[in-house]
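Content type compact mmCIF, C-alpha atoms, from the file run_27.txt:
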```
# COMPACT_ATOMS: atom_id res chain seq x y z
CA MET A 1 92.68 141.61 69.54
CA THR A 2 94.76 143.56 72.01
CA GLY A 3 98.30 142.73 72.91
CA GLU A 4 97.16 141.87 76.40
CA LEU A 5 94.75 139.25 75.15
CA ALA A 6 97.28 137.81 72.75
CA THR A 7 99.73 137.26 75.59
CA ALA A 8 97.25 136.08 78.23
CA GLN A 9 99.00 134.64 81.25
CA LYS A 10 99.40 130.89 81.34
CA THR A 11 97.66 128.97 84.09
CA ALA A 12 98.59 125.79 85.95
CA LEU A 13 96.46 123.49 88.06
CA LEU A 14 98.11 121.64 90.94
CA VAL A 15 96.05 118.57 91.83
CA LEU A 16 96.95 117.54 95.37
CA GLY A 17 96.74 114.00 96.67
CA CYS A 18 96.17 112.80 100.19
CA PRO A 19 98.50 114.89 102.40
CA GLN A 20 99.67 111.88 104.42
CA VAL A 21 103.11 112.05 102.74
CA PRO A 22 104.85 115.15 104.12
CA VAL A 23 106.73 116.24 100.98
CA GLN A 24 103.53 117.17 99.15
CA THR A 25 102.92 120.47 100.94
CA SER A 26 106.56 121.53 100.66
CA ILE A 27 106.87 120.68 96.97
CA ALA A 28 103.51 122.29 96.19
CA LEU A 29 104.67 125.59 97.70
CA TYR A 30 108.00 125.31 95.89
CA LEU A 31 106.31 124.62 92.55
CA ILE A 32 103.82 127.44 93.07
CA ASN A 33 106.70 129.84 93.65
CA ARG A 34 108.58 128.66 90.54
CA LEU A 35 105.45 128.91 88.40
CA LYS A 36 104.69 132.42 89.62
CA LYS A 37 108.26 133.55 88.95
CA ALA A 38 107.86 132.19 85.42
CA GLY A 39 104.68 134.26 84.97
CA ILE A 40 102.31 131.31 85.26
CA THR A 41 99.22 131.61 87.48
CA PRO A 42 98.93 128.57 89.78
CA VAL A 43 95.61 127.24 91.04
CA VAL A 44 95.49 124.55 93.72
CA ALA A 45 92.84 121.82 93.90
CA GLY A 46 92.78 119.36 96.77
CA ASN A 47 90.66 117.88 99.51
CA LYS A 48 90.01 119.90 102.65
CA ALA A 49 93.04 118.61 104.58
CA ALA A 50 95.51 119.09 101.72
CA ASN A 51 94.25 122.60 101.00
CA THR A 52 94.21 123.60 104.67
CA LEU A 53 97.83 122.53 105.15
CA LEU A 54 98.81 125.00 102.45
CA VAL A 55 96.50 127.81 103.53
CA VAL A 56 97.70 127.68 107.14
CA ALA A 57 101.36 127.50 106.11
CA ASP A 58 100.91 130.54 103.84
CA THR A 59 98.46 132.60 105.88
CA ASP A 60 99.34 135.88 104.17
CA ARG A 61 99.16 134.26 100.75
CA HIS A 62 102.69 135.11 99.69
CA TYR A 63 102.66 132.05 97.43
CA LEU A 64 99.11 130.75 97.19
CA GLY A 65 96.56 132.18 94.85
CA GLU A 66 93.26 130.46 94.12
CA VAL A 67 92.54 127.31 96.10
CA MET A 68 89.57 125.11 95.27
CA ASP A 69 87.93 121.84 96.19
CA LEU A 70 89.16 118.92 94.10
CA ASP A 71 85.70 117.60 93.23
CA ARG A 72 84.71 121.08 92.07
CA ALA A 73 87.78 121.32 89.86
CA VAL A 74 87.01 117.96 88.24
CA ALA A 75 83.40 119.01 87.68
CA MET A 76 84.34 122.36 86.12
CA ILE A 77 86.86 120.82 83.74
CA SER A 78 84.54 117.91 82.83
CA ASP A 79 81.73 120.35 82.10
CA LYS A 80 84.10 122.45 79.91
CA LYS A 81 83.58 125.50 82.12
CA ARG A 82 87.28 125.93 82.79
CA ASP A 83 90.65 124.54 81.76
CA PHE A 84 94.36 125.17 82.29
CA ASP A 85 97.55 125.25 80.25
CA LEU A 86 99.51 123.02 82.62
CA CYS A 87 98.39 120.41 85.13
CA PHE A 88 100.53 118.83 87.86
CA VAL A 89 99.10 115.84 89.69
CA PHE A 90 100.68 114.74 92.97
CA ILE A 91 100.78 110.93 93.15
CA HIS A 92 101.78 108.62 95.97
CA ASN A 93 98.92 106.12 95.87
CA ASP A 94 96.50 104.45 93.48
CA ALA A 95 93.97 107.27 93.79
CA GLY A 96 96.62 109.73 92.60
CA VAL A 97 97.13 107.70 89.42
CA SER A 98 93.35 107.68 88.88
CA TYR A 99 93.17 111.46 89.24
CA ALA A 100 96.08 111.93 86.83
CA ALA A 101 94.44 109.68 84.21
CA THR A 102 91.23 111.62 84.67
CA MET A 103 92.97 114.96 84.17
CA GLY A 104 94.63 113.56 81.05
CA ALA A 105 91.23 112.59 79.68
CA ILE A 106 89.16 115.67 80.57
CA SER A 107 91.69 118.51 80.29
CA LYS A 108 93.70 119.90 77.40
CA ALA A 109 96.48 120.91 79.80
CA LYS A 110 100.00 119.61 79.40
CA LEU A 111 100.04 116.93 82.09
CA SER A 112 102.87 116.26 84.54
CA ALA A 113 102.76 113.47 87.12
CA LEU A 114 104.76 114.13 90.31
CA VAL A 115 105.31 110.66 91.73
CA TYR A 116 106.82 110.23 95.20
CA GLY A 117 106.50 108.28 98.41
CA GLU A 118 107.86 105.02 99.73
CA HIS A 119 106.35 102.95 96.91
CA TYR A 120 106.69 105.45 94.09
CA GLU A 121 107.91 102.80 91.62
CA ASP A 122 104.66 100.81 92.04
CA GLN A 123 102.66 103.89 91.09
CA LEU A 124 104.95 104.69 88.15
CA LYS A 125 104.19 101.25 86.64
CA LYS A 126 100.48 102.08 86.55
CA ILE A 127 100.95 105.21 84.45
CA ASP A 128 100.18 104.14 80.89
CA PHE A 129 98.77 107.44 79.61
CA PRO A 130 100.65 110.36 78.02
CA CYS A 131 102.29 112.66 80.56
CA THR A 132 105.65 113.88 81.79
CA THR A 133 106.68 111.92 84.87
CA ILE A 134 108.76 113.57 87.58
CA ALA A 135 109.57 110.94 90.18
CA ALA A 136 111.69 110.34 93.25
CA LYS A 137 111.65 108.28 96.42
CA ALA A 138 110.74 111.14 98.71
CA VAL A 139 108.69 110.80 101.88
CA HIS A 140 109.89 113.23 104.56
CA ASN A 141 112.74 114.88 102.70
CA PRO A 142 111.55 116.91 99.70
CA LEU A 143 115.00 117.41 98.18
CA PRO A 144 115.01 114.31 95.89
CA LEU A 145 111.71 115.39 94.36
CA LYS A 146 112.83 119.02 94.17
CA LYS A 147 115.93 117.85 92.31
CA ALA A 148 113.82 115.83 89.84
CA LEU A 149 111.55 118.83 89.33
CA ASP A 150 114.49 121.18 88.76
CA GLU A 151 115.88 118.84 86.09
CA VAL A 152 112.65 118.93 84.10
CA LYS A 153 111.87 122.63 84.73
CA PRO A 154 108.21 122.34 83.71
CA TRP A 155 107.73 126.06 84.37
CA ASP A 156 109.93 126.76 81.32
CA ALA A 157 107.58 124.85 79.00
CA MET B 1 81.37 111.94 100.23
CA GLY B 2 79.39 115.02 99.21
CA CYS B 3 76.05 114.25 97.63
CA VAL B 4 76.70 110.50 97.78
CA GLU B 5 76.17 110.72 101.51
CA SER B 6 72.56 111.63 100.98
CA MET B 7 71.98 108.57 98.81
CA ASN B 8 71.04 105.11 99.97
CA TYR B 9 74.19 103.32 98.88
CA GLU B 10 75.83 100.00 99.65
CA ILE B 11 79.61 99.67 99.69
CA VAL B 12 80.52 96.66 97.56
CA MET B 13 84.30 97.15 97.91
CA ARG B 14 86.42 99.61 99.88
CA ASP B 15 90.05 100.72 99.85
CA ALA B 16 90.47 99.07 96.47
CA THR B 17 92.78 99.99 93.64
CA PHE B 18 91.14 101.23 90.50
CA LYS B 19 92.10 98.04 88.66
CA GLU B 20 90.57 95.87 91.38
CA SER B 21 87.28 97.73 91.09
CA ARG B 22 87.22 97.42 87.29
CA ASP B 23 88.09 93.70 87.45
CA TYR B 24 85.37 93.15 90.04
CA ILE B 25 82.71 94.72 87.84
CA LYS B 26 83.81 92.76 84.77
CA ALA B 27 83.86 89.49 86.76
CA HIS B 28 80.65 89.88 88.75
CA PHE B 29 78.20 91.64 86.44
CA LYS B 30 76.85 90.24 83.19
CA GLU B 31 75.97 93.76 82.14
CA SER B 32 78.29 96.75 82.25
CA VAL B 33 79.00 99.94 80.36
CA ASP B 34 82.38 101.54 79.76
CA VAL B 35 82.62 105.31 80.18
CA GLN B 36 85.36 107.90 80.06
CA PRO B 37 86.75 109.73 83.13
CA GLY B 38 84.61 112.71 84.04
CA PHE B 39 81.40 110.94 82.94
CA LYS B 40 78.56 111.81 85.29
CA VAL B 41 76.89 109.01 87.25
CA PHE B 42 74.15 110.45 89.44
CA ASP B 43 75.81 113.80 90.31
CA ILE B 44 79.32 112.39 90.48
CA HIS B 45 82.06 112.76 87.89
CA VAL B 46 83.75 109.37 87.91
CA ILE B 47 87.52 109.23 88.36
CA GLY B 48 89.86 106.59 86.95
CA LEU B 49 91.87 105.15 84.10
CA PRO B 50 89.83 104.83 80.93
CA PRO B 51 87.72 102.93 80.21
CA ILE B 52 85.83 103.02 83.49
CA ALA B 53 83.45 100.09 83.95
CA ILE B 54 80.02 100.64 85.50
CA GLY B 55 78.03 97.55 86.46
CA LEU B 56 74.29 97.20 85.93
CA ASP B 57 72.25 94.67 87.88
CA GLY B 58 68.52 95.14 87.40
CA ASP B 59 67.78 98.62 88.74
CA ALA B 60 71.11 98.82 90.53
CA VAL B 61 74.10 100.85 89.35
CA VAL B 62 77.55 99.83 90.62
CA PHE B 63 80.29 102.37 90.03
CA PRO B 64 83.75 103.38 91.32
CA PHE B 65 84.00 106.32 93.68
CA THR B 66 87.54 107.55 94.32
CA LYS B 67 88.80 109.78 97.13
CA PRO B 68 92.44 110.89 97.48
CA CYS B 69 92.99 109.39 100.94
CA HIS B 70 90.75 106.33 100.78
CA GLY B 71 91.32 104.86 97.35
CA THR B 72 88.44 103.56 95.33
CA PHE B 73 85.09 102.38 96.68
CA LEU B 74 82.62 100.43 94.61
CA LEU B 75 79.17 101.77 95.40
CA ARG B 76 75.84 100.14 94.60
CA ILE B 77 72.79 102.37 94.34
CA GLU B 78 69.31 101.24 93.35
CA ASP B 79 67.93 103.77 90.88
CA LYS B 80 65.68 102.69 88.04
CA GLU B 81 66.01 105.95 86.10
CA GLU B 82 69.80 106.10 86.28
CA ALA B 83 70.12 102.45 85.28
CA ALA B 84 67.84 103.09 82.31
CA ARG B 85 69.81 106.19 81.32
CA LEU B 86 73.07 104.25 81.37
CA ARG B 87 71.54 101.39 79.35
CA ALA B 88 70.21 103.84 76.79
CA GLY B 89 73.69 105.22 76.29
CA LYS B 90 75.16 101.77 75.92
CA LYS B 91 76.71 101.14 72.50
```

Go ahead and render the structure in this file as structure tokens.
Amino acid sequence: MTGELATAQKTALLVLGCPQVPVQTSIALYLINRLKKAGITPVVAGNKAANTLLVVADTDRHYLGEVMDLDRAVAMISDKKRDFDLCFVFIHNDAGVSYAATMGAISKAKLSALVYGEHYEDQLKKIDFPCTTIAAKAVHNPLPLKKALDEVKPWDA
Amino acid sequence: MGCVESMNYEIVMRDATFKESRDYIKAHFKESVDVQPGFKVFDIHVIGLPPIAIGLDGDAVVFPFTKPCHGTFLLRIEDKEEAARLRAGKK
């Protein structure tokens, strides 16, 4: 085995939720940047609107790398065709919790739940599966969630 | 809804939470199977907190279908072969 293979770069999947809460796009770009600086390759999976918000904001792909459809990501991981070292799921509604539980069940990745939005505490109560929770009441202002993320520093894991 | 759109489905519930959809299946169907997230029903990998309940009513399969912006739908699709496949896997 070569040294290169032995030290293969870590990968992280960012599972985006519905982009109706503004902080998601901002925090996703921030997290992508921190992961890349830590030598971790980020991959984004979301629905068309969530992905397009990122792609348009980062037209020259300074931050973004691979971007894929969320259903395709779930299918690939379920079918054992691909997996990641880390997985971050963006949660501000019930569907977000469902996607996080699914990732916890189908993927071997270390799971982190980023919980935000007006009713973030309601979503936190639904999380009864193993994961690291990073939570803040953040809707328009990303700084409370950024602060919570910086305290955990998941890119150092 | 991807390939679901090409199917002849009936929406039993819409904009539900995952728990509401599971409770509905347990309360309204005498027969159901529990599966893990990622399990394939038709061509769809089901999303949710395990165990995920799928209702069976004759040849009809009733299962949760989750989208990030619209929550969970409960869909009912008549399909004899899929119902039989799910029953065969029932423990």

Mind running chain B against chain A at 9 Å and telling me each contacting residue's nearest atom pair with the distance in Å (one decimal), counting only C-alpha atoms, chain and number ascending, as a tab-separated table?
```
residue	atom	partner	partner_atom	distance
B:Ala16	CA	A:Asp94	CA	8.6
B:Thr17	CA	A:Asp94	CA	5.8
B:Phe18	CA	A:Asp94	CA	6.9
B:Gln36	CA	A:Ala105	CA	7.5
B:Pro37	CA	A:Thr102	CA	5.1
B:Gly38	CA	A:Ser78	CA	5.3
B:Phe39	CA	A:Ser78	CA	7.6
B:Lys40	CA	A:Ser78	CA	8.9
B:Ile44	CA	A:Ala75	CA	8.3
B:His45	CA	A:Ala75	CA	6.4
B:Val46	CA	A:Thr102	CA	8.5
B:Ile47	CA	A:Thr102	CA	5.8
B:Gly48	CA	A:Ser98	CA	4.1
B:Leu49	CA	A:Ala101	CA	5.2
B:Pro50	CA	A:Ala101	CA	7.5
B:Thr66	CA	A:Ala95	CA	6.5
B:Lys67	CA	A:Ala95	CA	6.6
B:Pro68	CA	A:Cys18	CA	5.0
B:Cys69	CA	A:Cys18	CA	4.7
B:His70	CA	A:Ala95	CA	7.8
B:Gly71	CA	A:Ala95	CA	5.1
B:Thr72	CA	A:Ala95	CA	6.8
```

message: Quick one: residues within 12 Å of Lys80 (chain B), all atoms listed in the file, excluding same-chain residues fewer than 6 positions away - as a PyMOL selection string?
response: chain B and resi 42+56-61+86-87

query: So what do you get for CA of Asp34 (chain B) versus CA of Arg14 (chain B), distance-wise?
result: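 CA of Arg14 (chain B) lies at a distance of 20.6 Å from CA of Asp34 (chain B).
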
field: Shell of 9 Å around Ile11 (chain B), only C-alpha atoms, local chain residues under 5 positions omitted, as a list in words
entry: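 The filter keeps Phe73, Leu74, Leu75 and Arg76 of chain B.
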
- prompt: Taking all atoms listed in the file into account, which of A:His119, A:Lys147, A:Tyr63, A:Asp69 comes nearest Arg34 (chain A)?
  reply: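 That would be A:Tyr63, the residue with the smallest distance to Arg34 (chain A).
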
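Each of A:Ile40, A:Leu14, A:Leu53, A:Ala113 was compared to Asp156 (chain A) using all atoms listed in the file, and A:Ile40 turns out to be the nearest.
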
- prompt: Pick from B:Met13, B:Ile54, B:Ile77, B:Met7: nearest to Lys30 (chain B), with all atoms listed in the file counted?
  reply: B:Ile54

- prompt: Do you have the CA of Gly89 (chain B)-CA of Val33 (chain B) distance handy?
  reply: 8.5 Å

message: One decimal, in Å: what's the spacing between CA of Ala109 (chain A) and CA of Cys87 (chain A)?
response: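 Between these atoms lies a distance of 5.7 Å.
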
Shortest interatomic distance to Val12 (chain B) - which of B:Ala53, B:Val35, B:Phe29, B:Val62, counting only C-alpha atoms: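 Ranking B:Ala53, B:Val35, B:Phe29, B:Val62 by distance to Val12 (chain B), first place goes to B:Val62.
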